[in-house]
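Beneath this line is the structure, given in structure tokens, with notes to follow.
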Amino acid sequence: MVINECEHEFVKPDSLHSLSKDCEVIASSIEEHVMFCSSEVWRDGTQAWRIEHDAQKSIDHVAASGNLPLDYSSIEQEHAEEQRQAGGKGADVDCFFEIPLHTAKNIVGFKHDDADSRRRMF
């Protein structure tokens, strides 16, 4: 499900805690105008991992915690290299923004800006 609102009630910790009882929930939040995004997984009422990028802190800001997916390191390295090739911190592009989203996409199979995801928006 895609909800077209960054701070929707469903992606707040209290809701994710409740929604993930007896199951696994993955949530992503995106605010493109300030280049903030996060992805996280909750299992059985507990946050398993979280990845956040906030360009207001730094173009290369990434905060990651928990038991991250096995492919996380390669995703982070790939996007860091893309940023370096684009001109580093002075580039007009923010490749680090994709790290939380790419990690989530590898699990659920789509990303908010994929053409197919628009049919799932509420």
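Ordered as shown in the structure tokens, chains take letters A, B, and onward, while each chain numbers its residues from 1 and ligands are numbered from 1 in the order shown.
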
**Asked** Neighbours of Tyr72 (chain A) within 9 Å (only C-alpha atoms; same-chain residues fewer than 6 positions away dropped), as a PyMOL selection string?
**Response** chain A and resi 99-100+102-103

Could the residues in this selection be saved with all heavy atoms as a PDB file, in the first residue's frame?
```
ATOM      1  N   ILE A  99      19.122   5.346  -0.753  1.00  0.00           N
ATOM      2  CA  ILE A  99      19.566   4.195   0.058  1.00  0.00           C
ATOM      3  C   ILE A  99      18.424   3.565   0.862  1.00  0.00           C
ATOM      4  O   ILE A  99      18.187   2.356   0.743  1.00  0.00           O
ATOM      5  CB  ILE A  99      20.767   4.574   0.946  1.00  0.00           C
ATOM      6  CG1 ILE A  99      21.988   4.884   0.060  1.00  0.00           C
ATOM      7  CG2 ILE A  99      21.082   3.463   1.939  1.00  0.00           C
ATOM      8  CD1 ILE A  99      23.172   5.492   0.791  1.00  0.00           C
ATOM      9  N   PRO A 100      17.682   4.322   1.675  1.00  0.00           N
ATOM     10  CA  PRO A 100      16.577   3.678   2.402  1.00  0.00           C
ATOM     11  C   PRO A 100      15.519   3.107   1.461  1.00  0.00           C
ATOM     12  O   PRO A 100      14.968   2.025   1.706  1.00  0.00           O
ATOM     13  CB  PRO A 100      15.988   4.810   3.251  1.00  0.00           C
ATOM     14  CG  PRO A 100      17.071   5.823   3.351  1.00  0.00           C
ATOM     15  CD  PRO A 100      17.835   5.729   2.062  1.00  0.00           C
ATOM     16  N   HIS A 102      15.837   2.131  -1.805  1.00  0.00           N
ATOM     17  CA  HIS A 102      16.354   0.977  -2.548  1.00  0.00           C
ATOM     18  C   HIS A 102      16.350  -0.258  -1.653  1.00  0.00           C
ATOM     19  O   HIS A 102      15.990  -1.356  -2.089  1.00  0.00           O
ATOM     20  CB  HIS A 102      17.756   1.307  -3.047  1.00  0.00           C
ATOM     21  CG  HIS A 102      18.358   0.286  -3.951  1.00  0.00           C
ATOM     22  ND1 HIS A 102      19.379   0.588  -4.800  1.00  0.00           N
ATOM     23  CD2 HIS A 102      18.120  -1.038  -4.143  1.00  0.00           C
ATOM     24  CE1 HIS A 102      19.739  -0.500  -5.461  1.00  0.00           C
ATOM     25  NE2 HIS A 102      18.979  -1.501  -5.069  1.00  0.00           N
ATOM     26  N   THR A 103      16.732  -0.092  -0.395  1.00  0.00           N
ATOM     27  CA  THR A 103      16.735  -1.213   0.550  1.00  0.00           C
ATOM     28  C   THR A 103      15.326  -1.764   0.728  1.00  0.00           C
ATOM     29  O   THR A 103      15.116  -2.985   0.690  1.00  0.00           O
ATOM     30  CB  THR A 103      17.320  -0.770   1.910  1.00  0.00           C
ATOM     31  OG1 THR A 103      18.623  -0.215   1.706  1.00  0.00           O
ATOM     32  CG2 THR A 103      17.426  -1.944   2.866  1.00  0.00           C
TER      33      THR A 103
END
```

Set the distance at 10 Å and use only C-alpha atoms: which residues neighbour Asp60 (chain A) once local chain neighbours fewer than 4 positions away are removed? I'd like the list as a PDB file with N, CA and C atoms, in the first residue's frame.
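Output file result.pdb is given in full below:
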```
ATOM      1  N   HIS A  53      17.724   9.007   5.717  1.00  0.00           N
ATOM      2  CA  HIS A  53      18.578   9.989   5.046  1.00  0.00           C
ATOM      3  C   HIS A  53      17.918  11.351   5.207  1.00  0.00           C
ATOM      4  N   ASP A  54      18.705  12.336   5.648  1.00  0.00           N
ATOM      5  CA  ASP A  54      18.214  13.698   5.812  1.00  0.00           C
ATOM      6  C   ASP A  54      19.256  14.647   5.242  1.00  0.00           C
ATOM      7  N   ALA A  55      19.008  15.126   4.031  1.00  0.00           N
ATOM      8  CA  ALA A  55      19.959  16.008   3.353  1.00  0.00           C
ATOM      9  C   ALA A  55      20.127  17.340   4.074  1.00  0.00           C
ATOM     10  N   GLN A  56      19.178  17.706   4.938  1.00  0.00           N
ATOM     11  CA  GLN A  56      19.325  18.941   5.700  1.00  0.00           C
ATOM     12  C   GLN A  56      20.467  18.823   6.704  1.00  0.00           C
ATOM     13  N   HIS A  79      25.413   3.629  -3.900  1.00  0.00           N
ATOM     14  CA  HIS A  79      24.925   5.002  -3.978  1.00  0.00           C
ATOM     15  C   HIS A  79      25.983   6.018  -3.554  1.00  0.00           C
ATOM     16  N   ALA A  80      26.854   5.645  -2.635  1.00  0.00           N
ATOM     17  CA  ALA A  80      27.968   6.529  -2.266  1.00  0.00           C
ATOM     18  C   ALA A  80      28.900   6.716  -3.461  1.00  0.00           C
ATOM     19  N   GLN A  83      27.303   9.055  -5.915  1.00  0.00           N
ATOM     20  CA  GLN A  83      27.437  10.438  -5.451  1.00  0.00           C
ATOM     21  C   GLN A  83      28.839  10.962  -5.725  1.00  0.00           C
ATOM     22  N   GLY A  88      30.375  14.433  -5.719  1.00  0.00           N
ATOM     23  CA  GLY A  88      30.452  14.432  -4.262  1.00  0.00           C
ATOM     24  C   GLY A  88      29.429  15.344  -3.619  1.00  0.00           C
ATOM     25  N   LYS A  89      29.837  15.973  -2.513  1.00  0.00           N
ATOM     26  CA  LYS A  89      28.924  16.823  -1.748  1.00  0.00           C
ATOM     27  C   LYS A  89      28.478  18.053  -2.519  1.00  0.00           C
ATOM     28  N   ASP A  94      21.336  14.044  -5.261  1.00  0.00           N
ATOM     29  CA  ASP A  94      21.431  13.432  -3.936  1.00  0.00           C
ATOM     30  C   ASP A  94      21.227  11.927  -4.082  1.00  0.00           C
ATOM     31  N   CYS A  95      22.298  11.208  -4.308  1.00  0.00           N
ATOM     32  CA  CYS A  95      22.226   9.752  -4.485  1.00  0.00           C
ATOM     33  C   CYS A  95      21.966   9.022  -3.173  1.00  0.00           C
ATOM     34  N   PHE A  96      22.334   9.623  -2.055  1.00  0.00           N
ATOM     35  CA  PHE A  96      22.121   8.991  -0.751  1.00  0.00           C
ATOM     36  C   PHE A  96      20.626   8.866  -0.421  1.00  0.00           C
ATOM     37  N   PHE A  97      19.810   9.724  -1.026  1.00  0.00           N
ATOM     38  CA  PHE A  97      18.366   9.689  -0.823  1.00  0.00           C
ATOM     39  C   PHE A  97      17.791   8.318  -1.167  1.00  0.00           C
TER      40      PHE A  97
END
```

**Request:** Using DSSP on the backbone, list every residue of chain A that comes out as alpha helix (DSSP H), and give them as a ChimeraX atom specification.
**Result:** /A:13-19,72-86,98-108

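Across A:Ser58, A:Ser29, A:Gln85, A:Ser20, the tightest approach to Trp42 (chain A) is made by A:Ser20 when counting only C-alpha atoms.
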
**Complete:** Using only C-alpha atoms, the best pick from A:Ser65, A:Ile107, A:Asp113, A:Ala27 as closest to Glu9 (chain A) would be A:Ala27

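Taking only C-alpha atoms into account, Glu40 (chain A) lies nearest to A:Ala104 out of the set A:Gly87, A:Ala63, A:Ala104, A:Glu7.
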
**Shell of 10 Å around Leu16 (chain A), only C-alpha atoms, local chain residues under 3 positions omitted, as a PyMOL selection string** = chain A and resi 9-13+19-21+24-27+40-47

Write the residues you've just listed into a file as a PDB file, in the first residue's frame, and include N, CA and C atoms for each of them.
```
ATOM      1  N   GLU A   9      -0.327   8.582   9.932  1.00  0.00           N
ATOM      2  CA  GLU A   9      -0.437   7.860  11.203  1.00  0.00           C
ATOM      3  C   GLU A   9       0.124   6.434  11.108  1.00  0.00           C
ATOM      4  N   PHE A  10      -0.009   5.787   9.948  1.00  0.00           N
ATOM      5  CA  PHE A  10       0.463   4.407   9.778  1.00  0.00           C
ATOM      6  C   PHE A  10       1.969   4.260   9.930  1.00  0.00           C
ATOM      7  N   VAL A  11       2.741   5.325   9.711  1.00  0.00           N
ATOM      8  CA  VAL A  11       4.198   5.201   9.772  1.00  0.00           C
ATOM      9  C   VAL A  11       4.791   5.748  11.067  1.00  0.00           C
ATOM     10  N   LYS A  12       3.950   6.002  12.034  1.00  0.00           N
ATOM     11  CA  LYS A  12       4.432   6.437  13.346  1.00  0.00           C
ATOM     12  C   LYS A  12       4.688   5.206  14.220  1.00  0.00           C
ATOM     13  N   PRO A  13       5.668   5.287  15.127  1.00  0.00           N
ATOM     14  CA  PRO A  13       6.040   4.115  15.932  1.00  0.00           C
ATOM     15  C   PRO A  13       4.882   3.414  16.638  1.00  0.00           C
ATOM     16  N   LEU A  19       0.478  -2.451  14.285  1.00  0.00           N
ATOM     17  CA  LEU A  19       0.265  -3.110  12.991  1.00  0.00           C
ATOM     18  C   LEU A  19       1.119  -4.353  12.810  1.00  0.00           C
ATOM     19  N   SER A  20       2.279  -4.385  13.445  1.00  0.00           N
ATOM     20  CA  SER A  20       3.225  -5.485  13.222  1.00  0.00           C
ATOM     21  C   SER A  20       3.069  -6.636  14.219  1.00  0.00           C
ATOM     22  N   LYS A  21       2.062  -6.603  15.052  1.00  0.00           N
ATOM     23  CA  LYS A  21       1.825  -7.731  15.973  1.00  0.00           C
ATOM     24  C   LYS A  21       1.572  -8.981  15.135  1.00  0.00           C
ATOM     25  N   GLU A  24       5.125  -8.998   9.926  1.00  0.00           N
ATOM     26  CA  GLU A  24       6.204  -8.073   9.584  1.00  0.00           C
ATOM     27  C   GLU A  24       5.618  -6.938   8.765  1.00  0.00           C
ATOM     28  N   VAL A  25       6.032  -5.719   9.069  1.00  0.00           N
ATOM     29  CA  VAL A  25       5.579  -4.528   8.361  1.00  0.00           C
ATOM     30  C   VAL A  25       6.806  -3.740   7.940  1.00  0.00           C
ATOM     31  N   ILE A  26       6.814  -3.289   6.689  1.00  0.00           N
ATOM     32  CA  ILE A  26       7.865  -2.384   6.239  1.00  0.00           C
ATOM     33  C   ILE A  26       7.211  -1.055   5.898  1.00  0.00           C
ATOM     34  N   ALA A  27       7.832   0.023   6.351  1.00  0.00           N
ATOM     35  CA  ALA A  27       7.288   1.363   6.132  1.00  0.00           C
ATOM     36  C   ALA A  27       8.382   2.276   5.618  1.00  0.00           C
ATOM     37  N   GLU A  40      11.893   1.351   7.333  1.00  0.00           N
ATOM     38  CA  GLU A  40      12.074   0.558   8.550  1.00  0.00           C
ATOM     39  C   GLU A  40      11.220  -0.697   8.490  1.00  0.00           C
ATOM     40  N   VAL A  41      11.665  -1.694   9.219  1.00  0.00           N
ATOM     41  CA  VAL A  41      10.916  -2.939   9.350  1.00  0.00           C
ATOM     42  C   VAL A  41      10.575  -3.155  10.812  1.00  0.00           C
ATOM     43  N   TRP A  42       9.339  -3.557  11.042  1.00  0.00           N
ATOM     44  CA  TRP A  42       8.847  -3.924  12.372  1.00  0.00           C
ATOM     45  C   TRP A  42       8.379  -5.371  12.305  1.00  0.00           C
ATOM     46  N   ARG A  43       8.749  -6.150  13.327  1.00  0.00           N
ATOM     47  CA  ARG A  43       8.318  -7.549  13.434  1.00  0.00           C
ATOM     48  C   ARG A  43       7.771  -7.789  14.838  1.00  0.00           C
ATOM     49  N   ASP A  44       6.599  -8.345  14.881  1.00  0.00           N
ATOM     50  CA  ASP A  44       5.990  -8.707  16.167  1.00  0.00           C
ATOM     51  C   ASP A  44       6.022  -7.560  17.171  1.00  0.00           C
ATOM     52  N   GLY A  45       5.712  -6.357  16.705  1.00  0.00           N
ATOM     53  CA  GLY A  45       5.620  -5.204  17.591  1.00  0.00           C
ATOM     54  C   GLY A  45       6.926  -4.523  17.938  1.00  0.00           C
ATOM     55  N   THR A  46       8.035  -4.968  17.311  1.00  0.00           N
ATOM     56  CA  THR A  46       9.348  -4.404  17.625  1.00  0.00           C
ATOM     57  C   THR A  46      10.043  -3.951  16.335  1.00  0.00           C
ATOM     58  N   GLN A  47      10.671  -2.791  16.399  1.00  0.00           N
ATOM     59  CA  GLN A  47      11.429  -2.315  15.242  1.00  0.00           C
ATOM     60  C   GLN A  47      12.665  -3.194  15.056  1.00  0.00           C
TER      61      GLN A  47
END
```

**Message:** From a backbone DSSP assignment, name each residue in chain A labelled strand (DSSP E or B), as a PyMOL selection string.
**Reply:** chain A and resi 2+24-31+36-43+46-54+63-66+121

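Using only C-alpha atoms for every distance, the candidate list A:Ser74, A:Ser28, A:Ser38, A:Asn67 yields A:Ser28 as the residue closest to Phe110 (chain A).
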
**Asked** What does the distance from CA of Cys37 (chain A) to CA of Leu101 (chain A) come to in Å, to one decimal?
**Response** 7.5 Å

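Taking CA of Asn106 (chain A) and CA of Pro69 (chain A) as the two end points, the separation is 9.4 Å.
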
**Prompt:** What is the CA of Val62 (chain A)-CA of Val108 (chain A) distance in Å, reported with one decimal?
**Reply:**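 CA of Val108 (chain A) lies at a distance of 20.9 Å from CA of Val62 (chain A).
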